[in-house]
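input.txt follows; it contains compact mmCIF, C-alpha atoms.
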```
# COMPACT_ATOMS: atom_id res chain seq x y z
CA MET A 1 68.53 -39.45 49.45
CA SER A 2 65.54 -37.61 47.98
CA CYS A 3 65.96 -34.78 50.54
CA LEU A 4 69.60 -34.44 49.52
CA VAL A 5 68.65 -34.18 45.81
CA MET A 6 66.01 -31.56 46.59
CA ALA A 7 68.45 -29.54 48.66
CA THR A 8 71.01 -29.70 45.87
CA TRP A 9 68.37 -28.61 43.29
CA LEU A 10 67.30 -25.61 45.35
CA ALA A 11 70.92 -24.66 45.98
CA SER A 12 71.54 -23.64 42.34
CA PRO A 13 70.63 -20.01 41.44
CA CYS A 14 68.65 -21.09 38.36
CA SER A 15 66.52 -23.48 40.38
CA ARG A 16 65.78 -20.88 43.00
CA ALA A 17 64.64 -18.45 40.29
CA LEU A 18 62.30 -21.05 38.78
CA CYS A 19 60.85 -21.82 42.18
CA CYS A 20 60.21 -18.12 42.87
CA LEU A 21 58.46 -17.67 39.53
CA TRP A 22 56.25 -20.69 40.26
CA LEU A 23 55.26 -19.30 43.67
CA LEU A 24 54.54 -15.86 42.16
CA GLY A 25 52.30 -17.42 39.53
CA MET A 26 50.34 -19.32 42.19
CA LEU A 27 49.83 -16.11 44.18
CA LEU A 28 48.57 -14.23 41.11
CA LEU A 29 46.11 -17.01 40.29
CA ALA A 30 44.81 -16.97 43.84
CA ASN A 31 44.39 -13.21 43.66
CA VAL A 32 42.43 -13.40 40.42
CA SER A 33 40.15 -16.14 41.72
CA THR A 34 39.26 -14.13 44.80
CA ARG A 35 38.81 -10.83 42.98
CA PRO A 36 35.15 -9.82 42.63
CA ALA A 37 33.70 -9.81 39.11
CA ASN A 38 33.21 -6.46 37.38
CA HIS A 39 29.44 -6.45 37.72
CA SER A 40 29.23 -2.70 37.12
CA ALA A 41 30.56 -3.15 33.57
CA VAL A 42 28.03 -5.93 32.93
CA ARG A 43 25.23 -3.76 34.28
CA GLU A 44 26.38 -0.83 32.12
CA ARG A 45 26.31 -2.96 28.96
CA ALA A 46 22.85 -4.26 29.85
CA THR A 47 21.63 -0.70 30.53
CA ASN A 48 22.98 0.55 27.20
CA ARG A 49 21.34 -2.35 25.37
CA GLU A 50 18.01 -1.66 27.06
CA GLU A 51 18.24 2.05 26.23
CA ASN A 52 19.04 1.30 22.57
CA GLU A 53 16.02 -1.01 22.34
CA ILE A 54 13.48 1.65 23.31
CA LEU A 55 15.06 4.80 21.86
CA PRO A 56 14.32 5.77 18.23
CA PRO A 57 17.52 5.06 16.27
CA ASP A 58 19.31 7.95 14.59
CA HIS A 59 20.29 5.71 11.68
CA LEU A 60 17.51 4.20 9.58
CA ASN A 61 18.50 1.47 7.12
CA GLY A 62 17.51 2.25 3.54
CA VAL A 63 16.69 5.92 4.26
CA LYS A 64 18.83 8.59 2.60
CA MET A 65 19.17 10.88 5.62
CA GLU A 66 19.81 10.30 9.30
CA MET A 67 17.42 11.61 11.93
CA ASP A 68 19.84 14.46 12.66
CA GLY A 69 19.93 15.62 9.03
CA HIS A 70 23.24 14.00 8.09
CA LEU A 71 23.46 12.09 4.81
CA ASN A 72 23.38 8.31 5.19
CA LYS A 73 26.86 7.36 3.98
CA GLU A 74 25.95 3.67 3.88
CA PHE A 75 22.75 4.07 1.88
CA HIS A 76 24.00 2.59 -1.42
CA GLN A 77 25.41 -0.47 0.30
CA GLU A 78 22.18 -0.93 2.31
CA VAL A 79 19.91 -0.87 -0.76
CA PHE A 80 22.25 -3.00 -2.87
CA LEU A 81 23.26 -5.68 -0.36
CA GLY A 82 20.25 -5.75 1.96
CA LYS A 83 20.72 -8.34 4.71
CA ALA A 84 23.81 -9.70 2.93
CA ARG A 85 25.72 -6.58 4.02
CA ASP A 86 26.71 -8.24 7.29
CA GLU A 87 28.29 -11.11 5.36
CA PHE A 88 30.63 -8.74 3.52
CA GLU A 89 31.60 -7.04 6.77
CA GLU A 90 32.36 -10.35 8.50
CA ASP A 91 34.13 -12.04 5.58
CA SER A 92 37.60 -10.62 4.92
CA GLU A 93 38.49 -13.17 2.24
CA PRO A 94 38.42 -11.26 -1.13
CA ARG A 95 37.77 -14.35 -3.26
CA ARG A 96 34.68 -15.34 -1.28
CA SER A 97 33.45 -11.74 -1.29
CA ARG A 98 33.89 -11.49 -5.06
CA ARG A 99 31.89 -14.68 -5.50
CA LYS A 100 29.11 -13.31 -3.28
CA LEU A 101 29.08 -10.08 -5.26
CA MET A 102 28.72 -12.00 -8.53
CA VAL A 103 25.85 -14.02 -7.04
CA ILE A 104 24.07 -10.75 -6.26
CA PHE A 105 24.85 -9.49 -9.78
CA SER A 106 23.15 -12.58 -11.22
CA LYS A 107 20.05 -12.01 -9.08
CA VAL A 108 19.76 -8.37 -10.15
CA ASP A 109 20.33 -9.31 -13.80
CA VAL A 110 16.85 -10.74 -14.32
CA ASN A 111 17.13 -11.35 -18.06
CA ALA A 112 20.61 -12.92 -17.66
CA ASP A 113 22.24 -10.78 -20.36
CA ARG A 114 25.26 -10.07 -18.11
CA LYS A 115 24.23 -6.41 -17.86
CA ILE A 116 22.20 -4.63 -15.19
CA SER A 117 19.78 -2.00 -16.49
CA ALA A 118 18.33 0.91 -14.50
CA LYS A 119 14.96 -0.86 -14.34
CA GLU A 120 16.54 -4.04 -13.00
CA MET A 121 18.46 -2.05 -10.41
CA GLN A 122 15.30 -0.13 -9.44
CA ARG A 123 13.42 -3.40 -8.85
CA TRP A 124 16.32 -4.68 -6.73
CA ILE A 125 16.49 -1.47 -4.65
CA MET A 126 12.77 -1.68 -3.87
CA GLU A 127 13.16 -5.35 -2.89
CA LYS A 128 16.07 -4.64 -0.52
CA THR A 129 14.23 -1.66 0.98
CA ALA A 130 11.28 -3.95 1.70
CA GLU A 131 13.73 -6.29 3.47
CA HIS A 132 14.80 -3.48 5.78
CA PHE A 133 11.14 -2.72 6.49
CA GLN A 134 10.46 -6.34 7.41
CA GLU A 135 13.48 -6.39 9.71
CA ALA A 136 12.27 -3.22 11.46
CA VAL A 137 8.83 -4.79 12.00
CA ARG A 138 10.41 -7.93 13.47
CA GLU A 139 12.62 -5.95 15.85
CA ASN A 140 9.70 -3.71 16.82
CA LYS A 141 7.75 -6.71 18.10
CA LEU A 142 10.56 -7.45 20.56
CA HIS A 143 11.00 -3.82 21.61
CA PHE A 144 7.26 -3.35 22.11
CA ARG A 145 7.12 -6.29 24.52
CA SER A 146 9.83 -4.66 26.64
CA VAL A 147 7.72 -1.49 27.11
CA ASP A 148 4.39 -3.32 27.43
CA PRO A 149 4.97 -5.43 30.56
CA ASP A 150 1.26 -6.08 31.21
CA GLY A 151 0.79 -7.29 27.62
CA ASP A 152 -2.41 -5.32 26.98
CA GLY A 153 -1.19 -4.23 23.53
CA ARG A 154 -1.02 -0.54 24.43
CA VAL A 155 1.70 1.59 25.99
CA SER A 156 1.14 4.93 27.72
CA TRP A 157 3.59 7.81 27.70
CA ASP A 158 4.06 7.38 31.47
CA GLU A 159 5.01 3.71 31.00
CA TYR A 160 7.47 4.61 28.29
CA GLN A 161 9.19 7.48 30.07
CA LEU A 162 9.53 5.31 33.19
CA LYS A 163 11.23 2.60 31.11
CA PHE A 164 13.46 5.21 29.45
CA LEU A 165 14.59 6.81 32.71
CA VAL A 166 15.28 3.43 34.32
CA SER A 167 17.45 2.57 31.29
CA LYS A 168 19.36 5.81 32.05
CA GLY A 169 20.12 4.56 35.56
CA HIS A 170 17.33 6.20 37.58
CA ASN A 171 15.62 4.40 40.45
CA GLU A 172 12.44 2.75 39.15
CA ARG A 173 10.45 3.07 42.38
CA GLU A 174 11.31 6.74 42.87
CA ILE A 175 10.53 7.70 39.26
CA ALA A 176 7.26 5.73 39.28
CA GLU A 177 6.17 7.55 42.45
CA ARG A 178 6.98 10.97 40.98
CA ILE A 179 5.14 10.19 37.76
CA LYS A 180 2.13 8.93 39.71
CA ASN A 181 2.03 12.11 41.82
CA ASN A 182 2.75 14.36 38.82
CA GLU A 183 5.90 15.65 40.52
CA ASP A 184 9.13 17.03 39.07
CA LEU A 185 11.21 14.11 37.81
CA LYS A 186 14.46 15.79 38.94
CA VAL A 187 16.48 14.88 35.86
CA ASP A 188 19.35 16.84 34.34
CA GLU A 189 18.79 19.41 31.60
CA GLU A 190 20.00 17.17 28.78
CA THR A 191 17.72 14.28 29.79
CA GLN A 192 14.79 16.69 30.14
CA GLU A 193 15.37 17.96 26.60
CA VAL A 194 15.48 14.39 25.25
CA LEU A 195 12.23 13.60 27.08
CA GLU A 196 10.49 16.64 25.59
CA ASN A 197 11.57 15.67 22.06
CA LEU A 198 10.45 12.09 22.64
CA LYS A 199 7.10 13.29 23.94
CA ASP A 200 6.51 15.40 20.81
CA ARG A 201 7.34 12.36 18.72
CA TRP A 202 5.08 10.16 20.87
CA TYR A 203 2.10 12.47 20.34
CA GLN A 204 2.78 12.56 16.61
CA ALA A 205 2.82 8.75 16.39
CA ASP A 206 -0.52 8.53 18.22
CA ASN A 207 -3.05 8.18 15.40
CA PRO A 208 -6.44 9.93 15.68
CA PRO A 209 -8.46 9.77 17.80
CA ALA A 210 -5.55 10.56 20.10
CA ASP A 211 -5.55 8.65 23.40
CA LEU A 212 -1.81 8.96 24.24
CA LEU A 213 -1.61 5.16 24.10
CA LEU A 214 0.50 3.59 21.36
CA THR A 215 -0.35 0.27 19.79
CA GLU A 216 2.37 -1.96 18.37
CA GLU A 217 1.85 -0.43 14.93
CA GLU A 218 1.99 3.11 16.30
CA PHE A 219 5.10 2.24 18.31
CA LEU A 220 6.71 1.10 15.04
CA SER A 221 6.03 4.57 13.62
CA PHE A 222 7.49 6.10 16.78
CA LEU A 223 10.77 4.17 16.38
CA HIS A 224 10.81 4.10 12.56
CA PRO A 225 9.17 7.20 11.02
CA GLU A 226 9.85 5.84 7.51
CA HIS A 227 6.93 3.44 8.09
CA SER A 228 4.34 6.19 8.35
CA ARG A 229 3.59 9.12 6.06
CA GLY A 230 2.65 11.31 9.02
CA MET A 231 5.82 10.45 10.94
CA LEU A 232 7.97 10.92 7.84
CA GLN A 233 6.53 14.42 7.54
CA PHE A 234 7.30 15.01 11.22
CA MET A 235 10.90 13.86 10.67
CA VAL A 236 11.23 16.24 7.69
CA LYS A 237 9.81 19.08 9.79
CA GLU A 238 12.41 18.43 12.50
CA ILE A 239 15.28 18.40 9.99
CA VAL A 240 14.10 21.62 8.33
CA ARG A 241 13.75 23.27 11.75
CA ASP A 242 17.32 22.33 12.66
CA LEU A 243 18.86 23.52 9.37
CA ASP A 244 16.66 26.52 8.56
CA GLN A 245 18.58 29.66 9.56
CA ASP A 246 16.27 32.41 8.29
CA GLY A 247 12.99 30.93 9.54
CA ASP A 248 11.25 30.64 6.15
CA LYS A 249 10.65 26.88 6.70
CA ARG A 250 12.56 26.05 3.52
CA LEU A 251 16.20 25.22 2.88
CA SER A 252 18.60 27.12 0.67
CA LEU A 253 21.85 25.58 -0.53
CA PRO A 254 23.98 27.56 2.00
CA GLU A 255 21.71 26.36 4.82
CA PHE A 256 21.85 22.74 3.67
CA ILE A 257 25.63 22.61 3.29
CA SER A 258 26.46 24.64 6.41
CA LEU A 259 28.94 22.78 8.56
CA PRO A 260 27.98 21.31 11.94
CA VAL A 261 28.84 23.30 15.03
CA GLY A 262 32.60 23.11 15.65
CA THR A 263 35.86 24.53 14.39
CA VAL A 264 38.36 23.04 11.99
CA GLU A 265 41.42 22.19 14.06
CA ASN A 266 43.71 20.41 11.60
CA GLN A 267 44.09 19.40 7.96
CA GLN A 268 42.30 16.07 8.48
CA ALA A 269 39.28 17.87 9.92
CA GLN A 270 39.45 20.35 7.01
CA ASP A 271 39.35 17.45 4.53
CA ILE A 272 36.33 15.97 6.31
CA ASP A 273 34.56 19.34 6.19
CA ASP A 274 35.40 19.78 2.50
CA ASN A 275 33.87 16.36 1.76
CA TRP A 276 30.80 17.27 3.84
CA VAL A 277 30.20 20.37 1.70
CA LYS A 278 30.90 18.58 -1.61
CA ASP A 279 28.60 15.62 -0.85
CA ARG A 280 25.71 17.74 0.42
CA LYS A 281 25.99 20.21 -2.47
CA ARG A 282 25.76 17.40 -5.01
CA GLU A 283 22.82 15.77 -3.19
CA PHE A 284 20.98 19.11 -2.93
CA GLU A 285 21.43 20.10 -6.58
CA GLU A 286 21.07 16.73 -8.28
CA LEU A 287 18.51 14.85 -6.18
CA ILE A 288 16.62 16.85 -3.55
CA ASP A 289 15.85 20.14 -5.36
CA ALA A 290 13.44 18.56 -7.84
CA ASN A 291 12.55 21.76 -9.76
CA HIS A 292 16.12 23.16 -9.55
CA ASP A 293 15.04 26.55 -8.22
CA GLY A 294 17.76 26.61 -5.56
CA ILE A 295 15.28 26.04 -2.71
CA VAL A 296 14.25 22.77 -1.06
CA THR A 297 10.71 22.72 0.31
CA PRO A 298 9.50 20.26 2.97
CA GLU A 299 7.56 18.47 0.24
CA GLU A 300 10.70 17.99 -1.88
CA LEU A 301 12.66 16.76 1.13
CA GLU A 302 9.86 14.34 2.02
CA GLU A 303 9.81 12.88 -1.49
CA TYR A 304 13.60 12.51 -1.39
CA MET A 305 13.54 10.72 1.98
CA ASP A 306 10.60 8.40 1.26
CA PRO A 307 12.25 4.95 0.94
CA MET A 308 9.27 3.48 -0.93
CA ASN A 309 9.21 6.19 -3.62
CA GLU A 310 9.65 4.28 -6.89
CA TYR A 311 10.69 7.37 -8.82
CA ASN A 312 13.48 7.99 -6.31
CA ALA A 313 14.51 4.35 -6.56
CA LEU A 314 14.85 4.73 -10.34
CA ASN A 315 16.96 7.86 -9.91
CA GLU A 316 19.14 6.03 -7.39
CA ALA A 317 19.50 3.10 -9.78
CA LYS A 318 20.67 5.42 -12.57
CA GLN A 319 23.09 7.17 -10.23
CA MET A 320 24.56 3.89 -8.93
CA ILE A 321 25.08 2.63 -12.48
CA ALA A 322 26.64 5.93 -13.58
CA ILE A 323 29.24 5.69 -10.81
CA ALA A 324 30.73 2.52 -12.34
CA ASP A 325 29.63 2.78 -15.99
CA GLU A 326 33.06 3.14 -17.58
CA ASN A 327 31.98 2.21 -21.11
CA GLN A 328 29.00 4.62 -20.93
CA ASN A 329 26.39 2.09 -22.12
CA GLN A 330 23.95 2.94 -19.27
CA HIS A 331 24.33 -0.58 -17.89
CA LEU A 332 26.39 -2.18 -15.15
CA GLU A 333 28.64 -5.05 -16.20
CA PRO A 334 30.57 -7.64 -14.12
CA GLU A 335 33.97 -5.99 -14.66
CA GLU A 336 32.58 -2.63 -13.60
CA ILE A 337 30.86 -3.80 -10.44
CA LEU A 338 33.99 -5.64 -9.33
CA LYS A 339 36.21 -2.65 -10.07
CA TYR A 340 33.90 -0.37 -8.06
CA SER A 341 33.19 -2.94 -5.36
CA GLU A 342 34.02 -0.48 -2.60
CA PHE A 343 31.05 1.70 -3.61
CA PHE A 344 28.64 -1.25 -3.66
CA THR A 345 29.91 -3.28 -0.70
CA GLY A 346 32.14 -1.03 1.39
CA SER A 347 35.08 -3.36 0.64
CA LYS A 348 37.67 -3.05 -2.10
CA LEU A 349 37.98 -6.44 -3.77
CA VAL A 350 41.35 -6.57 -5.52
CA ASP A 351 42.24 -8.32 -8.80
CA TYR A 352 38.75 -7.65 -10.16
CA ALA A 353 39.53 -8.06 -13.89
CA ARG A 354 41.30 -11.39 -13.50
CA SER A 355 38.47 -12.69 -11.30
CA VAL A 356 35.46 -11.95 -13.53
CA HIS A 357 35.53 -15.18 -15.50
CA GLU A 358 36.43 -17.24 -12.42
CA GLU A 359 33.47 -15.96 -10.43
CA PHE A 360 31.01 -16.46 -13.31
```
So that I can check it, write out the structure of this file as structure tokens.
Amino acid sequence: MSCLVMATWLASPCSRALCCLWLLGMLLLANVSTRPANHSAVRERATNREENEILPPDHLNGVKMEMDGHLNKEFHQEVFLGKARDEFEEDSEPRRSRRKLMVIFSKVDVNADRKISAKEMQRWIMEKTAEHFQEAVRENKLHFRSVDPDGDGRVSWDEYQLKFLVSKGHNEREIAERIKNNEDLKVDEETQEVLENLKDRWYQADNPPADLLLTEEEFLSFLHPEHSRGMLQFMVKEIVRDLDQDGDKRLSLPEFISLPVGTVENQQAQDIDDNWVKDRKREFEELIDANHDGIVTPEELEEYMDPMNEYNALNEAKQMIAIADENQNQHLEPEEILKYSEFFTGSKLVDYARSVHEEF
């Protein structure tokens, strides 16, 4: 009887279709289970992570310019939020974000008068900058261990360039043999140029008396030039060299605002370029050119880029307050910081006026 029922079930077109779909699904599952894992993708991610750990970052938290001379667009958020910046990026709930922003407001407002003064903001900026420094030191300990396999507390240039080239996919044994025998490394032109720049930076980070061996502290300066006066000067020198068109080792306004290599292909690109010029012109005239003579010297650029410069921190505090100071009382108030939340946090928190009393 059961065979007859089964035969009848399979005889209907609908049943046959269901049976075929079931068989197809089983075949697909079998195919997936026998397919080899994409190990190349895993290896690529691991290689990229390793490369990022030992390469000096282009972006430095709490520093006004990138290593390539671009303005740090996230600077104000970095020095206002500090480590809390990740929380605002991860939390998309406006109410929670508003509450967090008001908590920060209360911490900056030391005298609890519901107004943030320039001095209070300056103190806060210096505190958040110190946080970024501490984070860089913590990360450097981990990165240093990866390039100091024997744990002797010192890393040679040969050890570092071997680690770098292996992270780029080169064969470790072959590269080690060529380095040992002082042979041509046989790398492409782009990699060779990167190596030469890294070597210059390595020598600069090597404190006198030079031994071409970097300690953990020197390796921190190599990765994060903002931690060393000498390396900060080297970074400034590199930026001036890249932007200086007439070779006078100083920067004029046209040199500083000149657009990156490339052509404007559409209106969107034109808008981006217009913003580039506007932002850099304002930064040059209002903040970098201290004596307003139309020329930026390496010394002026160094002072501007020094994250621990208290005078700069005060100027930044005044500028940040001025952005949102609608009632022109030279202070930042709860309504203002919520209204201009996008400037301070990178997120626009809606219904700011209605929320002020709730959050407090």
Env of stretch 71-74 of chain A: 10 Å cut, atoms = all atoms listed in the file, seq-sep filter 6 positions within chain, self excluded. Answer as a PyMOL selection string.
chain A and resi 59-65+276+279-280+283+343-346
Could you turn the residues from that selection into a file that holds C-alpha atoms, as an mmCIF file, in the coordinates of the input?
```cif
data_model
loop_
_atom_site.group_PDB
_atom_site.id
_atom_site.type_symbol
_atom_site.label_atom_id
_atom_site.label_comp_id
_atom_site.auth_asym_id
_atom_site.auth_seq_id
_atom_site.Cartn_x
_atom_site.Cartn_y
_atom_site.Cartn_z
ATOM 1 C CA HIS A 59 20.290 5.710 11.680
ATOM 2 C CA LEU A 60 17.510 4.200 9.580
ATOM 3 C CA ASN A 61 18.500 1.470 7.120
ATOM 4 C CA GLY A 62 17.510 2.250 3.540
ATOM 5 C CA VAL A 63 16.690 5.920 4.260
ATOM 6 C CA LYS A 64 18.830 8.590 2.600
ATOM 7 C CA MET A 65 19.170 10.880 5.620
ATOM 8 C CA TRP A 276 30.800 17.270 3.840
ATOM 9 C CA ASP A 279 28.600 15.620 -0.850
ATOM 10 C CA ARG A 280 25.710 17.740 0.420
ATOM 11 C CA GLU A 283 22.820 15.770 -3.190
ATOM 12 C CA PHE A 343 31.050 1.700 -3.610
ATOM 13 C CA PHE A 344 28.640 -1.250 -3.660
ATOM 14 C CA THR A 345 29.910 -3.280 -0.700
ATOM 15 C CA GLY A 346 32.140 -1.030 1.390
#
```
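The space between atom CA of A:Glu285 and atom CA of A:Leu251 spans 12.0 Å.
Closest approach to A:Glu238 among A:Glu302, A:Leu213, A:Ser252, A:Ala84 is made by A:Glu302 (distances from all atoms listed in the file).
The environment of stretch 185-190 of chain A within 10 Å, counting all atoms listed in the file and disregarding residues fewer than 4 places along the same chain, consists of Leu165, His170, Glu174, Ile175, Ala176, Glu177, Arg178, Ile179, Val194 and Leu195 of chain A.
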I need the residues from that last selection saved to file as a PDB file, keeping the file's coordinate frame (with C-alpha atoms), if you can.
```pdb
ATOM      1  CA  LEU A 165      14.590   6.810  32.710  1.00  0.00           C
ATOM      2  CA  HIS A 170      17.330   6.200  37.580  1.00  0.00           C
ATOM      3  CA  GLU A 174      11.310   6.740  42.870  1.00  0.00           C
ATOM      4  CA  ILE A 175      10.530   7.700  39.260  1.00  0.00           C
ATOM      5  CA  ALA A 176       7.260   5.730  39.280  1.00  0.00           C
ATOM      6  CA  GLU A 177       6.170   7.550  42.450  1.00  0.00           C
ATOM      7  CA  ARG A 178       6.980  10.970  40.980  1.00  0.00           C
ATOM      8  CA  ILE A 179       5.140  10.190  37.760  1.00  0.00           C
ATOM      9  CA  VAL A 194      15.480  14.390  25.250  1.00  0.00           C
ATOM     10  CA  LEU A 195      12.230  13.600  27.080  1.00  0.00           C
TER      11      LEU A 195
END
```
For each of A:Phe219, A:Phe75, A:Asp184, A:Asn329, take the minimum atom-to-atom distance to A:Leu142, counting all atoms listed in the file, then give the residue where this is smallest.
A:Phe219
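Taking atom CA of A:His70 as the reference point, atom CA of A:Leu301 is found at 13.0 Å.
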In Å, how far is it from atom CA of A:Ala322 to atom CA of A:Ala118?
9.8 Å
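Nearest residue to A:Glu196 among A:Asp244, A:Gln161, A:Ser117, A:Lys278 is A:Gln161, counting all atoms listed in the file.
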For A:Leu212, find every residue with an atom within 7 Å (counting all atoms listed in the file), except residues of its own chain fewer than 2 positions away, and show them as a PyMOL selection string.
chain A and resi 156-157+203+206+210+214
